[in-house]
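The file model-v3.pdb contains PDB, N, CA and C atoms, pLDDT in the B column:
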```pdb
MODEL        1
ATOM      1  N   MET M  16      -5.701 -27.761  17.154  1.00 85.00           N
ATOM      2  CA  MET M  16      -6.854 -27.914  16.294  1.00 85.00           C
ATOM      3  C   MET M  16      -6.771 -29.244  15.528  1.00 85.00           C
ATOM      4  N   LEU M  17      -5.550 -29.646  15.200  1.00 87.00           N
ATOM      5  CA  LEU M  17      -5.363 -30.909  14.496  1.00 87.00           C
ATOM      6  C   LEU M  17      -5.814 -32.083  15.354  1.00 87.00           C
ATOM      7  N   ILE M  18      -5.436 -32.073  16.618  1.00 92.00           N
ATOM      8  CA  ILE M  18      -5.800 -33.162  17.527  1.00 92.00           C
ATOM      9  C   ILE M  18      -7.310 -33.200  17.733  1.00 92.00           C
ATOM     10  N   TRP M  19      -7.928 -32.019  17.919  1.00 93.00           N
ATOM     11  CA  TRP M  19      -9.390 -31.965  18.080  1.00 93.00           C
ATOM     12  C   TRP M  19     -10.095 -32.472  16.825  1.00 93.00           C
ATOM     13  N   GLY M  20      -9.617 -32.062  15.661  1.00 92.00           N
ATOM     14  CA  GLY M  20     -10.227 -32.497  14.414  1.00 92.00           C
ATOM     15  C   GLY M  20     -10.133 -34.000  14.217  1.00 92.00           C
ATOM     16  N   LEU M  21      -8.951 -34.546  14.483  1.00 93.00           N
ATOM     17  CA  LEU M  21      -8.784 -35.998  14.360  1.00 93.00           C
ATOM     18  C   LEU M  21      -9.638 -36.749  15.376  1.00 93.00           C
ATOM     19  N   GLY M  22      -9.664 -36.250  16.600  1.00 94.00           N
ATOM     20  CA  GLY M  22     -10.469 -36.898  17.639  1.00 94.00           C
ATOM     21  C   GLY M  22     -11.959 -36.882  17.328  1.00 94.00           C
ATOM     22  N   LEU M  23     -12.439 -35.731  16.917  1.00 93.00           N
ATOM     23  CA  LEU M  23     -13.867 -35.628  16.588  1.00 93.00           C
ATOM     24  C   LEU M  23     -14.212 -36.458  15.352  1.00 93.00           C
ATOM     25  N   GLY M  24     -13.327 -36.442  14.369  1.00 94.00           N
ATOM     26  CA  GLY M  24     -13.573 -37.246  13.177  1.00 94.00           C
ATOM     27  C   GLY M  24     -13.616 -38.735  13.486  1.00 94.00           C
ATOM     28  N   LEU M  25     -12.667 -39.203  14.288  1.00 94.00           N
ATOM     29  CA  LEU M  25     -12.654 -40.625  14.651  1.00 94.00           C
ATOM     30  C   LEU M  25     -13.853 -41.002  15.521  1.00 94.00           C
ATOM     31  N   ALA M  26     -14.234 -40.114  16.439  1.00 95.00           N
ATOM     32  CA  ALA M  26     -15.426 -40.377  17.262  1.00 95.00           C
ATOM     33  C   ALA M  26     -16.681 -40.423  16.390  1.00 95.00           C
ATOM     34  N   GLY M  27     -16.761 -39.541  15.409  1.00 95.00           N
ATOM     35  CA  GLY M  27     -17.905 -39.539  14.503  1.00 95.00           C
ATOM     36  C   GLY M  27     -17.971 -40.806  13.677  1.00 95.00           C
ATOM     37  N   ILE M  28     -16.818 -41.251  13.168  1.00 95.00           N
ATOM     38  CA  ILE M  28     -16.790 -42.495  12.389  1.00 95.00           C
ATOM     39  C   ILE M  28     -17.194 -43.682  13.258  1.00 95.00           C
ATOM     40  N   LEU M  29     -16.690 -43.725  14.490  1.00 96.00           N
ATOM     41  CA  LEU M  29     -17.030 -44.811  15.404  1.00 96.00           C
ATOM     42  C   LEU M  29     -18.529 -44.837  15.707  1.00 96.00           C
ATOM     43  N   LEU M  30     -19.102 -43.672  16.007  1.00 95.00           N
ATOM     44  CA  LEU M  30     -20.540 -43.617  16.290  1.00 95.00           C
ATOM     45  C   LEU M  30     -21.371 -44.001  15.063  1.00 95.00           C
ATOM     46  N   LEU M  31     -20.940 -43.571  13.882  1.00 95.00           N
ATOM     47  CA  LEU M  31     -21.673 -43.941  12.666  1.00 95.00           C
ATOM     48  C   LEU M  31     -21.617 -45.440  12.420  1.00 95.00           C
ATOM     49  N   ARG M  32     -20.464 -46.043  12.637  1.00 95.00           N
ATOM     50  CA  ARG M  32     -20.353 -47.499  12.441  1.00 95.00           C
ATOM     51  C   ARG M  32     -21.254 -48.257  13.407  1.00 95.00           C
ATOM     52  N   ILE M  33     -21.261 -47.832  14.678  1.00 95.00           N
ATOM     53  CA  ILE M  33     -22.127 -48.478  15.675  1.00 95.00           C
ATOM     54  C   ILE M  33     -23.587 -48.306  15.293  1.00 95.00           C
ATOM     55  N   ALA M  34     -23.962 -47.084  14.903  1.00 94.00           N
ATOM     56  CA  ALA M  34     -25.360 -46.808  14.551  1.00 94.00           C
ATOM     57  C   ALA M  34     -25.794 -47.608  13.328  1.00 94.00           C
ATOM     58  N   LEU M  35     -24.944 -47.682  12.304  1.00 93.00           N
ATOM     59  CA  LEU M  35     -25.323 -48.433  11.114  1.00 93.00           C
ATOM     60  C   LEU M  35     -25.428 -49.922  11.394  1.00 93.00           C
ATOM     61  N   ARG M  36     -24.524 -50.448  12.197  1.00 94.00           N
ATOM     62  CA  ARG M  36     -24.587 -51.866  12.539  1.00 94.00           C
ATOM     63  C   ARG M  36     -25.858 -52.181  13.317  1.00 94.00           C
ATOM     64  N   GLN M  37     -26.206 -51.345  14.299  1.00 92.00           N
ATOM     65  CA  GLN M  37     -27.409 -51.572  15.087  1.00 92.00           C
ATOM     66  C   GLN M  37     -28.675 -51.325  14.270  1.00 92.00           C
ATOM     67  N   ALA M  38     -28.625 -50.370  13.352  1.00 90.00           N
ATOM     68  CA  ALA M  38     -29.795 -50.112  12.503  1.00 90.00           C
ATOM     69  C   ALA M  38     -30.067 -51.301  11.591  1.00 90.00           C
ATOM     70  N   ARG M  39     -29.010 -51.934  11.078  1.00 90.00           N
ATOM     71  CA  ARG M  39     -29.215 -53.143  10.280  1.00 90.00           C
ATOM     72  C   ARG M  39     -29.755 -54.270  11.144  1.00 90.00           C
ATOM     73  N   ARG M  40     -29.271 -54.332  12.382  1.00 90.00           N
ATOM     74  CA  ARG M  40     -29.695 -55.400  13.286  1.00 90.00           C
ATOM     75  C   ARG M  40     -31.176 -55.306  13.626  1.00 90.00           C
ATOM     76  N   VAL M  41     -31.685 -54.105  13.822  1.00 86.00           N
ATOM     77  CA  VAL M  41     -33.108 -53.936  14.149  1.00 86.00           C
ATOM     78  C   VAL M  41     -33.944 -53.667  12.901  1.00 86.00           C
ATOM     79  N   ALA M  42     -33.335 -53.793  11.732  1.00 85.00           N
ATOM     80  CA  ALA M  42     -34.019 -53.695  10.434  1.00 85.00           C
ATOM     81  C   ALA M  42     -34.610 -52.312  10.168  1.00 85.00           C
ATOM     82  N   LEU M  43     -33.882 -51.274  10.559  1.00 84.00           N
ATOM     83  CA  LEU M  43     -34.353 -49.914  10.292  1.00 84.00           C
ATOM     84  C   LEU M  43     -34.378 -49.592   8.804  1.00 84.00           C
ATOM     85  N   PHE M  44     -33.556 -50.270   8.027  1.00 83.00           N
ATOM     86  CA  PHE M  44     -33.464 -49.983   6.597  1.00 83.00           C
ATOM     87  C   PHE M  44     -34.421 -50.832   5.762  1.00 83.00           C
ATOM     88  N   SER M  45     -35.270 -51.626   6.401  1.00 85.00           N
ATOM     89  CA  SER M  45     -36.192 -52.470   5.646  1.00 85.00           C
ATOM     90  C   SER M  45     -37.532 -51.752   5.460  1.00 85.00           C
ATOM     91  N   SER M  46     -38.175 -52.055   4.371  1.00 86.00           N
ATOM     92  CA  SER M  46     -39.483 -51.439   4.127  1.00 86.00           C
ATOM     93  C   SER M  46     -40.540 -52.021   5.058  1.00 86.00           C
ATOM     94  N   ALA M  47     -40.363 -53.257   5.496  1.00 83.00           N
ATOM     95  CA  ALA M  47     -41.334 -53.864   6.411  1.00 83.00           C
ATOM     96  C   ALA M  47     -41.375 -53.115   7.743  1.00 83.00           C
ATOM     97  N   PHE M  48     -40.239 -52.632   8.199  1.00 82.00           N
ATOM     98  CA  PHE M  48     -40.197 -51.861   9.447  1.00 82.00           C
ATOM     99  C   PHE M  48     -41.064 -50.623   9.336  1.00 82.00           C
ATOM    100  N   TRP M  49     -40.928 -49.887   8.241  1.00 83.00           N
ATOM    101  CA  TRP M  49     -41.636 -48.617   8.096  1.00 83.00           C
ATOM    102  C   TRP M  49     -43.085 -48.804   7.661  1.00 83.00           C
ATOM    103  N   GLN M  50     -43.404 -49.883   6.959  1.00 86.00           N
ATOM    104  CA  GLN M  50     -44.799 -50.128   6.578  1.00 86.00           C
ATOM    105  C   GLN M  50     -45.637 -50.531   7.775  1.00 86.00           C
ATOM    106  N   THR M  51     -45.037 -51.259   8.715  1.00 84.00           N
ATOM    107  CA  THR M  51     -45.780 -51.690   9.904  1.00 84.00           C
ATOM    108  C   THR M  51     -45.600 -50.743  11.081  1.00 84.00           C
ATOM    109  N   PHE M  52     -44.918 -49.629  10.876  1.00 81.00           N
ATOM    110  CA  PHE M  52     -44.663 -48.684  11.971  1.00 81.00           C
ATOM    111  C   PHE M  52     -45.949 -48.171  12.619  1.00 81.00           C
ATOM    112  N   PRO M  53     -46.971 -47.755  11.849  1.00 83.00           N
ATOM    113  CA  PRO M  53     -48.176 -47.239  12.515  1.00 83.00           C
ATOM    114  C   PRO M  53     -48.882 -48.279  13.397  1.00 83.00           C
ATOM    115  N   GLN M  54     -48.880 -49.543  12.990  1.00 85.00           N
ATOM    116  CA  GLN M  54     -49.557 -50.569  13.776  1.00 85.00           C
ATOM    117  C   GLN M  54     -48.799 -50.897  15.068  1.00 85.00           C
ATOM    118  N   PHE M  55     -47.473 -50.842  15.013  1.00 82.00           N
ATOM    119  CA  PHE M  55     -46.659 -51.226  16.160  1.00 82.00           C
ATOM    120  C   PHE M  55     -45.804 -50.059  16.641  1.00 82.00           C
ATOM    121  N   ALA M  56     -46.399 -48.876  16.698  1.00 80.00           N
ATOM    122  CA  ALA M  56     -45.635 -47.661  16.991  1.00 80.00           C
ATOM    123  C   ALA M  56     -44.952 -47.722  18.355  1.00 80.00           C
ATOM    124  N   ARG M  57     -45.638 -48.202  19.367  1.00 80.00           N
ATOM    125  CA  ARG M  57     -45.044 -48.247  20.703  1.00 80.00           C
ATOM    126  C   ARG M  57     -43.828 -49.171  20.720  1.00 80.00           C
ATOM    127  N   TYR M  58     -43.936 -50.294  20.055  1.00 79.00           N
ATOM    128  CA  TYR M  58     -42.815 -51.235  19.968  1.00 79.00           C
ATOM    129  C   TYR M  58     -41.704 -50.682  19.080  1.00 79.00           C
ATOM    130  N   ARG M  59     -42.073 -50.063  17.976  1.00 78.00           N
ATOM    131  CA  ARG M  59     -41.078 -49.571  17.018  1.00 78.00           C
ATOM    132  C   ARG M  59     -40.306 -48.362  17.535  1.00 78.00           C
ATOM    133  N   LEU M  60     -40.934 -47.536  18.354  1.00 82.00           N
ATOM    134  CA  LEU M  60     -40.229 -46.369  18.886  1.00 82.00           C
ATOM    135  C   LEU M  60     -39.021 -46.774  19.721  1.00 82.00           C
ATOM    136  N   LYS M  61     -39.112 -47.911  20.395  1.00 81.00           N
ATOM    137  CA  LYS M  61     -37.979 -48.398  21.178  1.00 81.00           C
ATOM    138  C   LYS M  61     -36.836 -48.844  20.280  1.00 81.00           C
ATOM    139  N   ARG M  62     -37.126 -49.126  19.033  1.00 83.00           N
ATOM    140  CA  ARG M  62     -36.104 -49.597  18.094  1.00 83.00           C
ATOM    141  C   ARG M  62     -35.448 -48.476  17.301  1.00 83.00           C
ATOM    142  N   LEU M  63     -35.841 -47.242  17.524  1.00 86.00           N
ATOM    143  CA  LEU M  63     -35.301 -46.122  16.754  1.00 86.00           C
ATOM    144  C   LEU M  63     -34.047 -45.492  17.369  1.00 86.00           C
ATOM    145  N   TRP M  64     -33.504 -46.071  18.432  1.00 87.00           N
ATOM    146  CA  TRP M  64     -32.363 -45.443  19.097  1.00 87.00           C
ATOM    147  C   TRP M  64     -31.117 -45.322  18.226  1.00 87.00           C
ATOM    148  N   PRO M  65     -30.880 -46.157  17.198  1.00 89.00           N
ATOM    149  CA  PRO M  65     -29.693 -45.929  16.370  1.00 89.00           C
ATOM    150  C   PRO M  65     -29.759 -44.645  15.529  1.00 89.00           C
ATOM    151  N   ALA M  66     -30.933 -44.130  15.274  1.00 89.00           N
ATOM    152  CA  ALA M  66     -31.056 -42.926  14.437  1.00 89.00           C
ATOM    153  C   ALA M  66     -30.410 -41.693  15.090  1.00 89.00           C
ATOM    154  N   PRO M  67     -30.715 -41.369  16.353  1.00 91.00           N
ATOM    155  CA  PRO M  67     -30.029 -40.220  16.961  1.00 91.00           C
ATOM    156  C   PRO M  67     -28.535 -40.454  17.143  1.00 91.00           C
ATOM    157  N   LEU M  68     -28.147 -41.702  17.368  1.00 91.00           N
ATOM    158  CA  LEU M  68     -26.733 -42.025  17.489  1.00 91.00           C
ATOM    159  C   LEU M  68     -26.011 -41.775  16.165  1.00 91.00           C
ATOM    160  N   GLY M  69     -26.627 -42.157  15.061  1.00 92.00           N
ATOM    161  CA  GLY M  69     -26.051 -41.895  13.751  1.00 92.00           C
ATOM    162  C   GLY M  69     -26.000 -40.412  13.431  1.00 92.00           C
ATOM    163  N   LEU M  70     -27.019 -39.678  13.825  1.00 94.00           N
ATOM    164  CA  LEU M  70     -27.031 -38.231  13.620  1.00 94.00           C
ATOM    165  C   LEU M  70     -25.910 -37.557  14.410  1.00 94.00           C
ATOM    166  N   ALA M  71     -25.721 -37.982  15.653  1.00 95.00           N
ATOM    167  CA  ALA M  71     -24.628 -37.440  16.459  1.00 95.00           C
ATOM    168  C   ALA M  71     -23.281 -37.777  15.836  1.00 95.00           C
ATOM    169  N   GLY M  72     -23.150 -38.999  15.316  1.00 94.00           N
ATOM    170  CA  GLY M  72     -21.909 -39.376  14.650  1.00 94.00           C
ATOM    171  C   GLY M  72     -21.640 -38.547  13.413  1.00 94.00           C
ATOM    172  N   ALA M  73     -22.674 -38.268  12.640  1.00 95.00           N
ATOM    173  CA  ALA M  73     -22.506 -37.449  11.436  1.00 95.00           C
ATOM    174  C   ALA M  73     -22.115 -36.016  11.801  1.00 95.00           C
ATOM    175  N   ILE M  74     -22.720 -35.469  12.844  1.00 95.00           N
ATOM    176  CA  ILE M  74     -22.395 -34.111  13.278  1.00 95.00           C
ATOM    177  C   ILE M  74     -20.950 -34.037  13.754  1.00 95.00           C
ATOM    178  N   LEU M  75     -20.517 -35.024  14.543  1.00 95.00           N
ATOM    179  CA  LEU M  75     -19.135 -35.038  15.013  1.00 95.00           C
ATOM    180  C   LEU M  75     -18.153 -35.187  13.861  1.00 95.00           C
ATOM    181  N   LEU M  76     -18.494 -36.023  12.898  1.00 95.00           N
ATOM    182  CA  LEU M  76     -17.610 -36.220  11.748  1.00 95.00           C
ATOM    183  C   LEU M  76     -17.469 -34.929  10.941  1.00 95.00           C
ATOM    184  N   ILE M  77     -18.570 -34.250  10.689  1.00 96.00           N
ATOM    185  CA  ILE M  77     -18.524 -32.992   9.936  1.00 96.00           C
ATOM    186  C   ILE M  77     -17.741 -31.935  10.710  1.00 96.00           C
ATOM    187  N   TRP M  78     -17.956 -31.858  12.007  1.00 96.00           N
ATOM    188  CA  TRP M  78     -17.251 -30.891  12.835  1.00 96.00           C
ATOM    189  C   TRP M  78     -15.750 -31.174  12.815  1.00 96.00           C
ATOM    190  N   GLY M  79     -15.387 -32.445  12.917  1.00 95.00           N
ATOM    191  CA  GLY M  79     -13.984 -32.813  12.853  1.00 95.00           C
ATOM    192  C   GLY M  79     -13.357 -32.488  11.504  1.00 95.00           C
ATOM    193  N   LEU M  80     -14.087 -32.727  10.423  1.00 95.00           N
ATOM    194  CA  LEU M  80     -13.562 -32.403   9.100  1.00 95.00           C
ATOM    195  C   LEU M  80     -13.394 -30.901   8.904  1.00 95.00           C
ATOM    196  N   VAL M  81     -14.298 -30.113   9.449  1.00 95.00           N
ATOM    197  CA  VAL M  81     -14.173 -28.655   9.370  1.00 95.00           C
ATOM    198  C   VAL M  81     -12.917 -28.197  10.107  1.00 95.00           C
ATOM    199  N   LEU M  82     -12.685 -28.744  11.303  1.00 94.00           N
ATOM    200  CA  LEU M  82     -11.490 -28.369  12.057  1.00 94.00           C
ATOM    201  C   LEU M  82     -10.217 -28.792  11.334  1.00 94.00           C
ATOM    202  N   LEU M  83     -10.230 -29.982  10.728  1.00 94.00           N
ATOM    203  CA  LEU M  83      -9.060 -30.423   9.972  1.00 94.00           C
ATOM    204  C   LEU M  83      -8.797 -29.527   8.770  1.00 94.00           C
ATOM    205  N   PHE M  84      -9.850 -29.120   8.088  1.00 93.00           N
ATOM    206  CA  PHE M  84      -9.693 -28.242   6.936  1.00 93.00           C
ATOM    207  C   PHE M  84      -9.168 -26.876   7.366  1.00 93.00           C
ATOM    208  N   GLN M  85      -9.665 -26.354   8.482  1.00 92.00           N
ATOM    209  CA  GLN M  85      -9.157 -25.077   8.987  1.00 92.00           C
ATOM    210  C   GLN M  85      -7.686 -25.192   9.358  1.00 92.00           C
ATOM    211  N   TRP M  86      -7.308 -26.302   9.971  1.00 91.00           N
ATOM    212  CA  TRP M  86      -5.907 -26.500  10.308  1.00 91.00           C
ATOM    213  C   TRP M  86      -5.048 -26.559   9.045  1.00 91.00           C
ATOM    214  N   LEU M  87      -5.533 -27.276   8.041  1.00 91.00           N
ATOM    215  CA  LEU M  87      -4.789 -27.394   6.793  1.00 91.00           C
ATOM    216  C   LEU M  87      -4.617 -26.033   6.120  1.00 91.00           C
ATOM    217  N   LEU M  88      -5.669 -25.230   6.090  1.00 89.00           N
ATOM    218  CA  LEU M  88      -5.570 -23.881   5.521  1.00 89.00           C
ATOM    219  C   LEU M  88      -4.590 -23.017   6.307  1.00 89.00           C
ATOM    220  N   GLY M  89      -4.649 -23.087   7.625  1.00 88.00           N
ATOM    221  CA  GLY M  89      -3.732 -22.317   8.449  1.00 88.00           C
ATOM    222  C   GLY M  89      -2.292 -22.773   8.284  1.00 88.00           C
ATOM    223  N   PHE M  90      -2.091 -24.073   8.158  1.00 88.00           N
ATOM    224  CA  PHE M  90      -0.750 -24.614   7.979  1.00 88.00           C
ATOM    225  C   PHE M  90      -0.123 -24.110   6.686  1.00 88.00           C
ATOM    226  N   TYR M  91      -0.871 -24.212   5.593  1.00 87.00           N
ATOM    227  CA  TYR M  91      -0.310 -23.772   4.319  1.00 87.00           C
ATOM    228  C   TYR M  91      -0.249 -22.247   4.199  1.00 87.00           C
ATOM    229  N   ALA M  92      -1.135 -21.538   4.865  1.00 85.00           N
ATOM    230  CA  ALA M  92      -1.052 -20.066   4.858  1.00 85.00           C
ATOM    231  C   ALA M  92       0.207 -19.624   5.601  1.00 85.00           C
ATOM    232  N   ALA M  93       0.549 -20.297   6.692  1.00 83.00           N
ATOM    233  CA  ALA M  93       1.748 -19.937   7.442  1.00 83.00           C
ATOM    234  C   ALA M  93       3.005 -20.341   6.686  1.00 83.00           C
ATOM    235  N   ARG M  94       2.951 -21.443   5.977  1.00 83.00           N
ATOM    236  CA  ARG M  94       4.131 -21.938   5.277  1.00 83.00           C
ATOM    237  C   ARG M  94       4.373 -21.184   3.975  1.00 83.00           C
ATOM    238  N   LEU M  95       3.320 -20.944   3.203  1.00 83.00           N
ATOM    239  CA  LEU M  95       3.479 -20.351   1.888  1.00 83.00           C
ATOM    240  C   LEU M  95       3.182 -18.857   1.837  1.00 83.00           C
ATOM    241  N   GLY M  96       2.561 -18.360   2.870  1.00 78.00           N
ATOM    242  CA  GLY M  96       2.181 -16.951   2.877  1.00 78.00           C
ATOM    243  C   GLY M  96       0.804 -16.777   2.266  1.00 78.00           C
ATOM    244  N   HIS M  97       0.201 -15.653   2.568  1.00 69.00           N
ATOM    245  CA  HIS M  97      -1.128 -15.359   2.036  1.00 69.00           C
ATOM    246  C   HIS M  97      -1.000 -14.990   0.561  1.00 69.00           C
ATOM    247  N   PRO M  98      -1.882 -15.546  -0.293  1.00 65.00           N
ATOM    248  CA  PRO M  98      -1.748 -15.284  -1.742  1.00 65.00           C
ATOM    249  C   PRO M  98      -1.958 -13.829  -2.135  1.00 65.00           C
ATOM    250  N   ILE M  99      -2.741 -13.060  -1.379  1.00 60.00           N
ATOM    251  CA  ILE M  99      -3.025 -11.672  -1.743  1.00 60.00           C
ATOM    252  C   ILE M  99      -1.963 -10.735  -1.153  1.00 60.00           C
ATOM    253  N   GLY M 100      -1.373 -11.122  -0.018  1.00 47.00           N
ATOM    254  CA  GLY M 100      -0.447 -10.236   0.675  1.00 47.00           C
ATOM    255  C   GLY M 100       0.870 -10.099   0.072  1.00 47.00           C
TER     256      GLY M 100
ENDMDL
END
```
Go ahead and render the structure in this file as structure tokens.
Amino acid sequence: MLIWGLGLGLAGILLLRIALRQARRVALFSSAFWQTFPQFARYRLKRLWPAPLGLAGAILLIWGLVLLFQWLLGFYAARLGHPIG
């Protein structure tokens, strides 16, 4: 579980970095992009590909962090014993 958590977390961070870099490159974070979106919708839709990539990166990062947290809880439960038991 530790290896899966680390792998998913690193993959999520990598995808988020790529998505943010490309989103800045195509000016997704600028107000001019979104104000002119209705006029140039066909052109602008081709520029939205970093958004799903960033969403996938965020999902992978959260999934990896959940697995790491579960591993950490299991590790300390096995080492210290259950607090109620």
Picked from chain M by DSSP as helix (DSSP H, G or I), as a PyMOL selection string: chain M and resi 17-40+46-50+56-63+65-95
Quick one: residues within 6.5 Å of Leu17 of chain M, all atoms listed in the file, excluding same-chain residues fewer than 6 positions away - as a tab-separated table (two decimals) with N, CA and C atoms, keeping the file's coordinate frame?
```tsv
chain	number	residue	atom	x	y	z
M	82	LEU	N	-12.68	-28.74	11.30
M	82	LEU	CA	-11.49	-28.37	12.06
M	82	LEU	C	-10.22	-28.79	11.33
M	83	LEU	N	-10.23	-29.98	10.73
M	83	LEU	CA	-9.06	-30.42	9.97
M	83	LEU	C	-8.80	-29.53	8.77
M	86	TRP	N	-7.31	-26.30	9.97
M	86	TRP	CA	-5.91	-26.50	10.31
M	86	TRP	C	-5.05	-26.56	9.04
```
Counting all atoms listed in the file, the residue of M:Gly79, M:Ala66, M:Gly72, M:Gly89 that sits nearest Arg32 of chain M: M:Gly72
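Here atom C of Gly20 of chain M stands at a distance of 16.0 Å from atom C of Phe90 of chain M.
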Evaluate the PyMOL selection byres ((chain M and resi 35-40) around 8) and report residues as a count of residues only: 18
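In this structure, atom N of Leu23 of chain M sits 12.3 Å away from atom CA of Ala71 of chain M.
Note on the selection: in this file the PyMOL selection byres ((chain M and resi 75) around 6.5) comes out as Leu23, Gly24, Ala26, Gly27, Ile28, Leu70, Ala71, Gly72, Ala73, Ile74, Leu76, Ile77, Trp78, Gly79 and Leu80 of chain M.
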